[in-house]
file upload26.pdb (PDB, C-alpha atoms)
ATOM      1  CA  MET A   1      39.598 234.408 -69.834
ATOM      2  CA  PRO A   2      43.210 235.030 -70.772
ATOM      3  CA  ASP A   3      45.662 235.600 -67.970
ATOM      4  CA  ILE A   4      46.931 239.126 -67.779
ATOM      5  CA  PHE A   5      49.629 238.243 -65.359
ATOM      6  CA  ARG A   6      50.870 234.872 -64.304
ATOM      7  CA  ALA A   7      53.144 234.855 -61.303
ATOM      8  CA  PRO A   8      56.268 232.779 -61.769
ATOM      9  CA  VAL A   9      56.202 229.439 -59.995
ATOM     10  CA  VAL A  10      58.335 229.864 -56.937
ATOM     11  CA  HIS A  11      60.785 227.067 -56.390
ATOM     12  CA  LYS A  12      63.554 227.286 -53.942
ATOM     13  CA  VAL A  13      66.818 226.568 -55.637
ATOM     14  CA  SER A  14      68.331 223.396 -54.259
ATOM     15  CA  LYS A  15      71.218 224.845 -52.359
ATOM     16  CA  ARG A  16      74.653 223.467 -52.898
ATOM     17  CA  LEU A  17      77.119 225.774 -51.301
ATOM     18  CA  SER A  18      80.217 226.942 -53.070
ATOM     19  CA  ILE A  19      82.448 226.326 -50.048
ATOM     20  CA  GLU A  20      85.359 224.101 -50.960
ATOM     21  CA  GLY A  21      85.974 220.847 -49.147
ATOM     22  CA  LEU A  22      82.455 220.246 -47.826
ATOM     23  CA  ASP A  23      81.917 217.125 -49.917
ATOM     24  CA  ARG A  24      84.923 215.269 -48.577
ATOM     25  CA  PHE A  25      83.440 214.636 -45.122
ATOM     26  CA  SER A  26      82.216 211.195 -44.121
ATOM     27  CA  HIS A  27      78.648 210.244 -44.991
ATOM     28  CA  SER A  28      78.396 207.669 -42.212
ATOM     29  CA  PRO A  29      75.394 208.007 -39.853
ATOM     30  CA  PHE A  30      77.942 208.181 -37.029
ATOM     31  CA  SER A  31      79.704 211.157 -38.586
ATOM     32  CA  SER A  32      79.852 214.354 -36.567
ATOM     33  CA  PHE A  33      79.923 216.579 -39.659
ATOM     34  CA  PHE A  34      77.514 215.498 -42.369
ATOM     35  CA  TYR A  35      77.035 217.682 -45.470
ATOM     36  CA  LEU A  36      73.770 217.271 -47.429
ATOM     37  CA  PRO A  37      72.532 214.120 -45.660
ATOM     38  CA  ASN A  38      69.731 212.663 -47.762
ATOM     39  CA  SER A  39      68.712 209.912 -45.373
ATOM     40  CA  VAL A  40      68.172 212.144 -42.320
ATOM     41  CA  LYS A  41      64.678 213.237 -41.321
ATOM     42  CA  PHE A  42      63.632 215.231 -38.284
ATOM     43  CA  ILE A  43      60.449 216.282 -36.559
ATOM     44  CA  GLY A  44      58.745 219.268 -38.189
ATOM     45  CA  LYS A  45      60.723 219.084 -41.426
ATOM     46  CA  ASP A  46      58.962 220.616 -44.431
ATOM     47  CA  SER A  47      58.742 218.421 -47.497
ATOM     48  CA  LYS A  48      60.714 220.950 -49.578
ATOM     49  CA  GLU A  49      63.202 221.755 -46.862
ATOM     50  CA  LYS A  50      66.704 220.514 -47.496
ATOM     51  CA  ILE A  51      69.221 219.683 -44.778
ATOM     52  CA  ILE A  52      72.525 221.380 -45.509
ATOM     53  CA  LEU A  53      74.549 220.370 -42.461
ATOM     54  CA  PHE A  54      73.953 217.772 -39.798
ATOM     55  CA  LEU A  55      76.215 218.142 -36.787
ATOM     56  CA  ARG A  56      76.841 216.466 -33.487
ATOM     57  CA  ARG A  57      79.570 216.774 -30.879
ATOM     58  CA  HIS A  58      83.075 215.865 -32.021
ATOM     59  CA  PRO A  59      83.776 212.122 -31.432
ATOM     60  CA  ILE A  60      86.720 212.981 -29.183
ATOM     61  CA  THR A  61      84.235 214.334 -26.603
ATOM     62  CA  ASN A  62      83.188 210.696 -26.040
ATOM     63  CA  ILE A  63      86.611 209.685 -24.781
ATOM     64  CA  GLY A  64      85.701 210.265 -21.115
ATOM     65  CA  TRP A  65      82.764 207.865 -20.965
ATOM     66  CA  ILE A  66      84.519 205.311 -23.210
ATOM     67  CA  ILE A  67      87.535 205.135 -20.866
ATOM     68  CA  LEU A  68      85.231 204.952 -17.839
ATOM     69  CA  THR A  69      83.241 202.129 -19.466
ATOM     70  CA  ILE A  70      86.446 200.152 -20.140
ATOM     71  CA  ILE A  71      87.521 200.633 -16.504
ATOM     72  CA  LEU A  72      84.074 199.535 -15.287
ATOM     73  CA  LEU A  73      84.174 196.471 -17.543
ATOM     74  CA  LEU A  74      87.619 195.457 -16.296
ATOM     75  CA  ALA A  75      86.891 196.212 -12.636
ATOM     76  CA  PRO A  76      85.324 192.829 -11.660
ATOM     77  CA  ALA A  77      88.268 190.947 -13.150
ATOM     78  CA  VAL A  78      90.789 193.177 -11.381
ATOM     79  CA  LEU A  79      88.877 193.189  -8.083
ATOM     80  CA  SER A  80      88.585 189.396  -8.120
ATOM     81  CA  ILE A  81      92.247 189.378  -7.029
ATOM     82  CA  PHE A  82      91.168 191.019  -3.773
ATOM     83  CA  PRO A  83      88.615 189.121  -1.669
ATOM     84  CA  ILE A  84      86.149 192.023  -1.386
ATOM     85  CA  LEU A  85      83.023 189.939  -2.021
ATOM     86  CA  SER A  86      84.294 186.815  -0.311
ATOM     87  CA  PHE A  87      81.785 187.176   2.547
ATOM     88  CA  LEU A  88      78.959 186.621   0.010
ATOM     89  CA  PRO A  89      77.737 183.176  -1.009
ATOM     90  CA  GLU A  90      78.697 182.100  -4.562
ATOM     91  CA  ASN A  91      75.229 182.750  -6.055
ATOM     92  CA  PHE A  92      75.069 186.301  -4.613
ATOM     93  CA  ARG A  93      78.550 186.977  -5.963
ATOM     94  CA  PHE A  94      77.457 185.921  -9.428
ATOM     95  CA  ILE A  95      74.374 188.188  -9.337
ATOM     96  CA  ALA A  96      76.457 191.098  -7.982
ATOM     97  CA  VAL A  97      78.853 190.835 -10.933
ATOM     98  CA  ALA A  98      75.939 190.479 -13.398
ATOM     99  CA  MET A  99      74.300 193.610 -11.949
ATOM    100  CA  TRP A 100      77.590 195.456 -12.211
ATOM    101  CA  TYR A 101      77.829 194.637 -15.936
ATOM    102  CA  MET A 102      74.176 195.576 -16.373
ATOM    103  CA  LEU A 103      74.740 199.029 -14.867
ATOM    104  CA  THR A 104      77.878 199.454 -16.976
ATOM    105  CA  THR A 105      75.857 198.591 -20.096
ATOM    106  CA  ALA A 106      73.208 201.145 -19.118
ATOM    107  CA  PHE A 107      75.831 203.826 -18.524
ATOM    108  CA  ALA A 108      77.564 203.190 -21.865
ATOM    109  CA  PHE A 109      74.303 202.987 -23.820
ATOM    110  CA  GLU A 110      72.908 206.179 -22.257
ATOM    111  CA  SER A 111      76.161 208.030 -22.960
ATOM    112  CA  PHE A 112      76.105 206.852 -26.563
ATOM    113  CA  LEU A 113      72.451 207.866 -27.041
ATOM    114  CA  ASN A 114      73.218 211.237 -25.505
ATOM    115  CA  TRP A 115      75.966 211.821 -28.072
ATOM    116  CA  PHE A 116      74.114 210.308 -31.021
ATOM    117  CA  PHE A 117      70.821 212.175 -30.634
ATOM    118  CA  ASN A 118      71.955 215.590 -29.389
ATOM    119  CA  VAL A 119      72.299 217.091 -32.836
ATOM    120  CA  CYS A 120      72.394 220.421 -34.597
ATOM    121  CA  ILE A 121      70.749 220.761 -37.983
ATOM    122  CA  ILE A 122      71.152 223.518 -40.543
ATOM    123  CA  THR A 123      68.617 223.458 -43.351
ATOM    124  CA  ASP A 124      68.186 225.872 -46.214
ATOM    125  CA  GLU A 125      65.497 227.662 -44.166
ATOM    126  CA  ARG A 126      66.173 227.131 -40.478
ATOM    127  CA  ILE A 127      68.642 226.072 -37.831
ATOM    128  CA  PHE A 128      67.808 223.542 -35.110
ATOM    129  CA  ASP A 129      69.451 222.538 -31.892
ATOM    130  CA  VAL A 130      68.045 219.258 -30.543
ATOM    131  CA  ASP A 131      68.908 218.499 -26.909
ATOM    132  CA  PHE A 132      67.799 215.544 -24.841
ATOM    133  CA  LEU A 133      68.327 216.729 -21.301
ATOM    134  CA  ASN A 134      67.333 213.553 -19.485
ATOM    135  CA  LEU A 135      65.587 210.261 -20.152
ATOM    136  CA  VAL A 136      62.304 211.610 -21.495
ATOM    137  CA  TYR A 137      62.770 215.367 -21.832
ATOM    138  CA  ARG A 138      63.759 216.986 -25.095
ATOM    139  CA  GLU A 139      64.355 220.593 -26.045
ATOM    140  CA  ILE A 140      64.349 221.789 -29.637
ATOM    141  CA  SER A 141      65.445 225.354 -30.355
ATOM    142  CA  GLU A 142      64.952 226.696 -33.832
ATOM    143  CA  ALA A 143      65.341 229.934 -35.738
ATOM    144  CA  ASN A 144      64.960 230.960 -39.350
ATOM    145  CA  ILE A 145      68.113 231.666 -41.299
ATOM    146  CA  ASP A 146      67.001 235.268 -41.913
ATOM    147  CA  GLN A 147      66.621 235.760 -38.146
ATOM    148  CA  ILE A 148      70.304 235.097 -37.508
ATOM    149  CA  GLN A 149      71.953 238.284 -36.328
ATOM    150  CA  ASP A 150      75.396 237.222 -35.314
ATOM    151  CA  VAL A 151      77.519 234.093 -35.398
ATOM    152  CA  THR A 152      80.414 233.660 -32.986
ATOM    153  CA  VAL A 153      82.927 230.831 -33.075
ATOM    154  CA  ARG A 154      84.471 229.890 -29.742
ATOM    155  CA  MET A 155      87.539 227.674 -29.694
ATOM    156  CA  GLY A 156      90.158 227.341 -27.028
ATOM    157  CA  GLY A 157      92.339 224.863 -25.242
ATOM    158  CA  VAL A 158      94.817 222.350 -26.516
ATOM    159  CA  VAL A 159      92.399 219.490 -27.212
ATOM    160  CA  ARG A 160      89.931 221.675 -29.120
ATOM    161  CA  THR A 161      92.680 223.217 -31.203
ATOM    162  CA  VAL A 162      94.327 219.863 -31.992
ATOM    163  CA  PHE A 163      91.069 218.164 -32.961
ATOM    164  CA  ASN A 164      89.555 221.293 -34.532
ATOM    165  CA  TYR A 165      86.266 221.535 -32.714
ATOM    166  CA  GLY A 166      84.480 224.245 -30.744
ATOM    167  CA  ASP A 167      81.238 226.051 -30.058
ATOM    168  CA  VAL A 168      79.204 228.077 -32.535
ATOM    169  CA  LEU A 169      77.082 230.714 -30.803
ATOM    170  CA  ILE A 170      74.242 232.068 -32.897
ATOM    171  CA  GLN A 171      72.405 235.231 -31.854
ATOM    172  CA  THR A 172      68.942 235.311 -33.341
ATOM    173  CA  ALA A 173      65.946 237.622 -33.532
ATOM    174  CA  SER A 174      63.589 234.723 -32.857
ATOM    175  CA  GLU A 175      61.983 233.744 -29.542
ATOM    176  CA  VAL A 176      65.161 231.872 -28.643
ATOM    177  CA  PRO A 177      67.738 234.672 -28.463
ATOM    178  CA  ARG A 178      70.755 232.408 -28.603
ATOM    179  CA  ILE A 179      71.304 228.976 -30.072
ATOM    180  CA  GLU A 180      74.505 227.172 -29.222
ATOM    181  CA  PHE A 181      76.057 224.375 -31.229
ATOM    182  CA  SER A 182      78.368 222.870 -28.623
ATOM    183  CA  SER A 183      81.667 221.143 -29.408
ATOM    184  CA  VAL A 184      80.949 220.732 -33.118
ATOM    185  CA  SER A 185      83.623 219.773 -35.627
ATOM    186  CA  ARG A 186      85.119 222.544 -37.756
ATOM    187  CA  PRO A 187      83.200 225.452 -36.204
ATOM    188  CA  ASP A 188      84.776 227.939 -38.612
ATOM    189  CA  LEU A 189      83.352 225.987 -41.549
ATOM    190  CA  VAL A 190      79.933 225.898 -39.879
ATOM    191  CA  ALA A 191      80.060 229.674 -39.434
ATOM    192  CA  LYS A 192      81.040 230.017 -43.095
ATOM    193  CA  VAL A 193      78.087 227.878 -44.176
ATOM    194  CA  LEU A 194      75.736 229.997 -42.055
ATOM    195  CA  ARG A 195      77.150 233.186 -43.537
ATOM    196  CA  GLU A 196      76.676 231.889 -47.065
ATOM    197  CA  LEU A 197      73.118 230.772 -46.306
ATOM    198  CA  ARG A 198      72.295 234.199 -44.891
ATOM    199  CA  VAL A 199      73.638 235.898 -47.997
ATOM    200  CA  GLU A 200      71.636 233.533 -50.178
ATOM    201  CA  GLU A 201      68.501 234.145 -48.096
ATOM    202  CA  GLU A 202      68.930 237.897 -48.539
ATOM    203  CA  GLN A 203      69.335 237.383 -52.266
ATOM    204  CA  GLU A 204      66.166 235.301 -52.387
ATOM    205  CA  LYS A 205      64.259 237.988 -50.517
ATOM    206  CA  ILE A 206      65.385 240.583 -53.035
ATOM    207  CA  GLU A 207      64.418 238.333 -55.935
ATOM    208  CA  GLY A 208      61.120 237.349 -54.286
ATOM    209  CA  ARG A 209      61.954 233.639 -54.204
ATOM    210  CA  THR A 210      61.241 233.161 -50.509
ATOM    211  CA  ARG A 211      58.923 230.325 -49.436
TER     212      ARG A 211
ATOM    213  CA  MET B 212      73.039 179.611   0.638
ATOM    214  CA  VAL B 213      74.217 180.213   4.188
ATOM    215  CA  GLY B 214      71.195 179.337   6.266
ATOM    216  CA  SER B 215      72.583 179.869   9.746
ATOM    217  CA  SER B 216      72.636 183.727   9.648
ATOM    218  CA  LEU B 217      69.355 184.545  11.321
ATOM    219  CA  ILE B 218      67.974 187.853  12.613
ATOM    220  CA  PHE B 219      64.670 187.516  14.538
ATOM    221  CA  GLY B 220      64.368 184.073  13.007
ATOM    222  CA  ILE B 221      64.644 185.399   9.421
ATOM    223  CA  SER B 222      67.580 184.463   7.226
ATOM    224  CA  ILE B 223      69.516 187.593   6.223
ATOM    225  CA  TRP B 224      70.086 186.006   2.814
ATOM    226  CA  LEU B 225      66.341 185.861   2.293
ATOM    227  CA  VAL B 226      66.153 189.585   3.067
ATOM    228  CA  ALA B 227      69.100 190.193   0.747
ATOM    229  CA  LYS B 228      67.343 188.216  -1.992
ATOM    230  CA  VAL B 229      64.224 190.376  -1.660
ATOM    231  CA  PHE B 230      66.309 193.545  -1.929
ATOM    232  CA  VAL B 231      68.222 192.229  -4.944
ATOM    233  CA  LEU B 232      64.980 191.283  -6.688
ATOM    234  CA  LEU B 233      63.483 194.700  -5.907
ATOM    235  CA  ALA B 234      66.557 196.387  -7.364
ATOM    236  CA  LEU B 235      66.277 194.237 -10.485
ATOM    237  CA  VAL B 236      62.573 195.088 -10.885
ATOM    238  CA  MET B 237      63.515 198.770 -10.693
ATOM    239  CA  TYR B 238      66.176 198.172 -13.316
ATOM    240  CA  ILE B 239      63.628 196.484 -15.597
ATOM    241  CA  VAL B 240      61.408 199.574 -15.246
ATOM    242  CA  PHE B 241      64.427 201.730 -16.101
ATOM    243  CA  SER B 242      65.141 199.642 -19.215
ATOM    244  CA  LEU B 243      61.507 200.159 -20.285
ATOM    245  CA  VAL B 244      61.980 203.908 -19.848
ATOM    246  CA  VAL B 245      65.079 203.647 -22.053
ATOM    247  CA  ILE B 246      62.938 201.987 -24.763
ATOM    248  CA  ARG B 247      60.445 204.861 -24.450
ATOM    249  CA  GLN B 248      63.328 207.322 -24.665
ATOM    250  CA  ILE B 249      64.650 205.652 -27.824
ATOM    251  CA  LYS B 250      61.174 205.904 -29.386
ATOM    252  CA  LEU B 251      61.062 209.626 -28.555
ATOM    253  CA  MET B 252      64.553 210.169 -29.938
ATOM    254  CA  LEU B 253      63.825 208.309 -33.169
ATOM    255  CA  GLU B 254      60.623 210.301 -33.638
ATOM    256  CA  THR B 255      62.670 213.480 -33.299
ATOM    257  CA  VAL B 256      65.605 212.581 -35.528
ATOM    258  CA  ASP B 257      65.637 209.672 -37.954
ATOM    259  CA  MET B 258      69.091 208.778 -39.267
ATOM    260  CA  GLY B 259      68.354 205.438 -40.866
ATOM    261  CA  LEU B 260      69.648 203.414 -37.926
ATOM    262  CA  ASN B 261      66.274 202.905 -36.277
ATOM    263  CA  LEU B 262      66.350 199.130 -36.359
ATOM    264  CA  LEU B 263      69.806 198.813 -34.816
ATOM    265  CA  ILE B 264      69.091 201.245 -31.980
ATOM    266  CA  ARG B 265      65.703 199.693 -31.222
ATOM    267  CA  PHE B 266      67.394 196.280 -31.226
ATOM    268  CA  ILE B 267      69.991 197.434 -28.670
ATOM    269  CA  GLY B 268      67.227 198.927 -26.496
ATOM    270  CA  TRP B 269      65.181 195.720 -26.512
ATOM    271  CA  GLY B 270      68.360 193.646 -26.023
ATOM    272  CA  HIS B 271      69.122 195.705 -22.924
ATOM    273  CA  PHE B 272      65.587 195.101 -21.626
ATOM    274  CA  LEU B 273      65.819 191.343 -22.259
ATOM    275  CA  PHE B 274      69.227 191.262 -20.541
ATOM    276  CA  ALA B 275      67.643 192.864 -17.451
ATOM    277  CA  VAL B 276      64.718 190.400 -17.502
ATOM    278  CA  GLY B 277      67.171 187.504 -17.936
ATOM    279  CA  ILE B 278      69.220 188.583 -14.905
ATOM    280  CA  PHE B 279      65.997 188.910 -12.893
ATOM    281  CA  VAL B 280      64.921 185.364 -13.822
ATOM    282  CA  ILE B 281      68.398 183.995 -12.995
ATOM    283  CA  ALA B 282      68.375 185.824  -9.638
ATOM    284  CA  LEU B 283      64.905 184.480  -8.886
ATOM    285  CA  THR B 284      66.116 180.960  -9.661
ATOM    286  CA  ILE B 285      69.526 180.767  -8.036
ATOM    287  CA  LEU B 286      69.238 183.003  -4.983
TER     288      LEU B 286
END
call {"tool": "encode", "arguments": {"input": "upload26.pdb", "output": "structure tokens"}}
result
Amino acid sequence: MPDIFRAPVVHKVSKRLSIEGLDRFSHSPFSSFFYLPNSVKFIGKDSKEKIILFLRRHPITNIGWIILTIILLLAPAVLSIFPILSFLPENFRFIAVAMWYMLTTAFAFESFLNWFFNVCIITDERIFDVDFLNLVYREISEANIDQIQDVTVRMGGVVRTVFNYGDVLIQTASEVPRIEFSSVSRPDLVAKVLRELRVEEEQEKIEGRTR
Amino acid sequence: MVGSSLIFGISIWLVAKVFVLLALVMYIVFSLVVIRQIKLMLETVDMGLNLLIRFIGWGHFLFAVGIFVIALTIL
């Protein structure tokens, strides 16, 4: 039987935003601002979904724990000048120093993991905020792009202004009323990307190209 | 080891050794939790650095086990 009407095959256009300067950012896995990362996958990602921006806290936010780690690493050498542990036998002193370095390693590694895995993801369909609150507890907030109602950029203070990072607060109509991207690099650019995605989503709705 | 420090006939260094070993066992448990945490994190977000991060996690665990064995031997 001949088809009277054949609906057009709906394919989402692979989004490449027209915002200038997005391509020049680092594509290293340690980057805090990653545009169109092909190698990144995340839990619950649709096969056709494309990651537009992958964000994590600005690297400068790590300075506190890095300095503390260096101090902790140098402490046994510095304290060896003072006879604090002299009352201990030699073998106990050795184990005490080894345990100190072990705890320092744990502190540094945990701080690194906390920075590396607390990420914000903007895809062509949704936004995600992935937070690991403690050792085995994770919280993932998500909202569709068309549920975004308002985007606020919050920047302030000398350090944030100098290094160009801040918070992006996203009001949504989803179950999670507010999603916060904390201390992300170039928050104004992130807000611009979100605005462009919202416009494009509206356009797709009008044209009936929504998935 | 200083053997002359006795409380109720028990060497305080023996007591200290037991406490140190207990602390190290707790640390080994913690390092196992870190490995579990890494697994959970990598399941959530995969950035192509799985092998390196797993390696660091297991290295940390082996470091803790190594210190425990050394403490058991030399204390």
call {"tool": "closest_atom_pairs", "arguments": {"input": "upload26.pdb", "of": "chain B", "to": "chain A", "cutoff": "9 Å", "atoms": "only C-alpha atoms", "output": "tab-separated table"}}
result
residue	atom	partner	partner_atom	distance
B:Met212	CA	A:Pro89	CA	6.1
B:Val213	CA	A:Pro89	CA	6.9
B:Trp224	CA	A:Phe92	CA	8.9
B:Ala227	CA	A:Phe92	CA	8.9
B:Lys228	CA	A:Phe92	CA	8.4
B:Val231	CA	A:Ile95	CA	8.6
B:Leu235	CA	A:Met99	CA	8.2
B:Tyr238	CA	A:Leu103	CA	8.7
B:Ser242	CA	A:Ala106	CA	8.2
B:Val244	CA	A:Leu135	CA	7.3
B:Val245	CA	A:Leu135	CA	6.9
B:Arg247	CA	A:Val136	CA	7.6
B:Gln248	CA	A:Val136	CA	5.4
B:Ile249	CA	A:Leu113	CA	8.1
B:Leu251	CA	A:Val136	CA	7.4
B:Met252	CA	A:Phe117	CA	6.6
B:Leu253	CA	A:Phe117	CA	8.4
B:Glu254	CA	A:Ile43	CA	6.7
B:Thr255	CA	A:Ile43	CA	4.8
B:Val256	CA	A:Phe42	CA	4.3
B:Asp257	CA	A:Lys41	CA	5.0
B:Met258	CA	A:Val40	CA	4.6
B:Gly259	CA	A:Ser39	CA	6.4
B:Leu260	CA	A:Pro29	CA	7.6
B:Ile264	CA	A:Leu113	CA	8.9
B:Ile267	CA	A:Phe109	CA	8.5
B:Gly268	CA	A:Phe109	CA	8.6
B:His271	CA	A:Ala106	CA	7.8
B:Phe274	CA	A:Met102	CA	7.8
B:Ala275	CA	A:Met102	CA	7.2
B:Ile278	CA	A:Ala98	CA	7.1
B:Ile281	CA	A:Ile95	CA	8.2
B:Ala282	CA	A:Ile95	CA	6.5
B:Ile285	CA	A:Asn91	CA	6.4
B:Leu286	CA	A:Asn91	CA	6.1
call {"tool": "atom_distance", "arguments": {"input": "upload26.pdb", "atom1": "atom CA of Pro177 of chain A", "atom2": "atom CA of Glu196 of chain A"}}
result
20.8 Å
call {"tool": "closest_residue", "arguments": {"input": "upload26.pdb", "among": "A:Ile145, A:Cys120, A:Thr69, A:Val176", "to": "Arg195 of chain A", "atoms": "only C-alpha atoms"}}
result
A:Ile145
call {"tool": "closest_residue", "arguments": {"input": "upload26.pdb", "among": "A:Val78, A:Ile179, A:Leu72, A:Leu133", "to": "Gln149 of chain A", "atoms": "all atoms listed in the file"}}
result
A:Ile179
call {"tool": "decode", "arguments": {"input": "upload26.pdb", "residues": "segment 223-277 of chain B", "atoms": "C-alpha atoms", "output": "mmCIF file, in the first residue's frame"}}
result
data_model
loop_
_atom_site.group_PDB
_atom_site.id
_atom_site.type_symbol
_atom_site.label_atom_id
_atom_site.label_comp_id
_atom_site.auth_asym_id
_atom_site.auth_seq_id
_atom_site.Cartn_x
_atom_site.Cartn_y
_atom_site.Cartn_z
ATOM 1 C CA ILE B 223 53.874 -0.212 77.259
ATOM 2 C CA TRP B 224 55.584 -0.662 73.891
ATOM 3 C CA LEU B 225 53.634 -3.862 73.367
ATOM 4 C CA VAL B 226 50.418 -1.940 74.048
ATOM 5 C CA ALA B 227 51.601 0.820 71.719
ATOM 6 C CA LYS B 228 52.327 -1.773 69.027
ATOM 7 C CA VAL B 229 48.792 -3.162 69.299
ATOM 8 C CA PHE B 230 47.323 0.329 68.954
ATOM 9 C CA VAL B 231 49.545 1.151 65.977
ATOM 10 C CA LEU B 232 48.568 -2.091 64.251
ATOM 11 C CA LEU B 233 44.879 -1.427 64.944
ATOM 12 C CA ALA B 234 45.218 2.048 63.451
ATOM 13 C CA LEU B 235 46.917 0.582 60.384
ATOM 14 C CA VAL B 236 44.159 -2.028 59.956
ATOM 15 C CA MET B 237 41.619 0.803 60.057
ATOM 16 C CA TYR B 238 43.652 2.650 57.455
ATOM 17 C CA ILE B 239 43.688 -0.434 55.213
ATOM 18 C CA VAL B 240 39.879 -0.558 55.482
ATOM 19 C CA PHE B 241 39.784 3.140 54.579
ATOM 20 C CA SER B 242 41.984 2.535 51.519
ATOM 21 C CA LEU B 243 39.558 -0.212 50.430
ATOM 22 C CA VAL B 244 36.695 2.270 50.775
ATOM 23 C CA VAL B 245 38.683 4.674 48.583
ATOM 24 C CA ILE B 246 38.932 1.939 45.911
ATOM 25 C CA ARG B 247 35.151 1.467 46.147
ATOM 26 C CA GLN B 248 34.713 5.229 45.876
ATOM 27 C CA ILE B 249 36.905 5.361 42.762
ATOM 28 C CA LYS B 250 34.797 2.592 41.188
ATOM 29 C CA LEU B 251 31.624 4.577 41.925
ATOM 30 C CA MET B 252 33.143 7.765 40.536
ATOM 31 C CA LEU B 253 34.355 6.085 37.351
ATOM 32 C CA GLU B 254 30.930 4.525 36.827
ATOM 33 C CA THR B 255 29.419 7.998 37.090
ATOM 34 C CA VAL B 256 31.845 9.911 34.889
ATOM 35 C CA ASP B 257 34.333 8.291 32.537
ATOM 36 C CA MET B 258 37.025 10.649 31.253
ATOM 37 C CA GLY B 259 39.425 8.161 29.737
ATOM 38 C CA LEU B 260 41.763 8.148 32.729
ATOM 39 C CA ASN B 261 40.274 5.081 34.383
ATOM 40 C CA LEU B 262 43.456 3.044 34.396
ATOM 41 C CA LEU B 263 45.606 5.760 35.953
ATOM 42 C CA ILE B 264 43.126 6.552 38.726
ATOM 43 C CA ARG B 265 42.516 2.883 39.516
ATOM 44 C CA PHE B 266 46.293 2.392 39.600
ATOM 45 C CA ILE B 267 46.721 5.223 42.132
ATOM 46 C CA GLY B 268 43.896 3.782 44.263
ATOM 47 C CA TRP B 269 45.425 0.299 44.323
ATOM 48 C CA GLY B 270 48.904 1.795 44.870
ATOM 49 C CA HIS B 271 47.549 3.611 47.918
ATOM 50 C CA PHE B 272 46.058 0.353 49.224
ATOM 51 C CA LEU B 273 49.324 -1.551 48.685
ATOM 52 C CA PHE B 274 51.248 1.258 50.411
ATOM 53 C CA ALA B 275 48.969 0.869 53.457
ATOM 54 C CA VAL B 276 49.391 -2.932 53.462
ATOM 55 C CA GLY B 277 53.171 -2.507 53.105
#
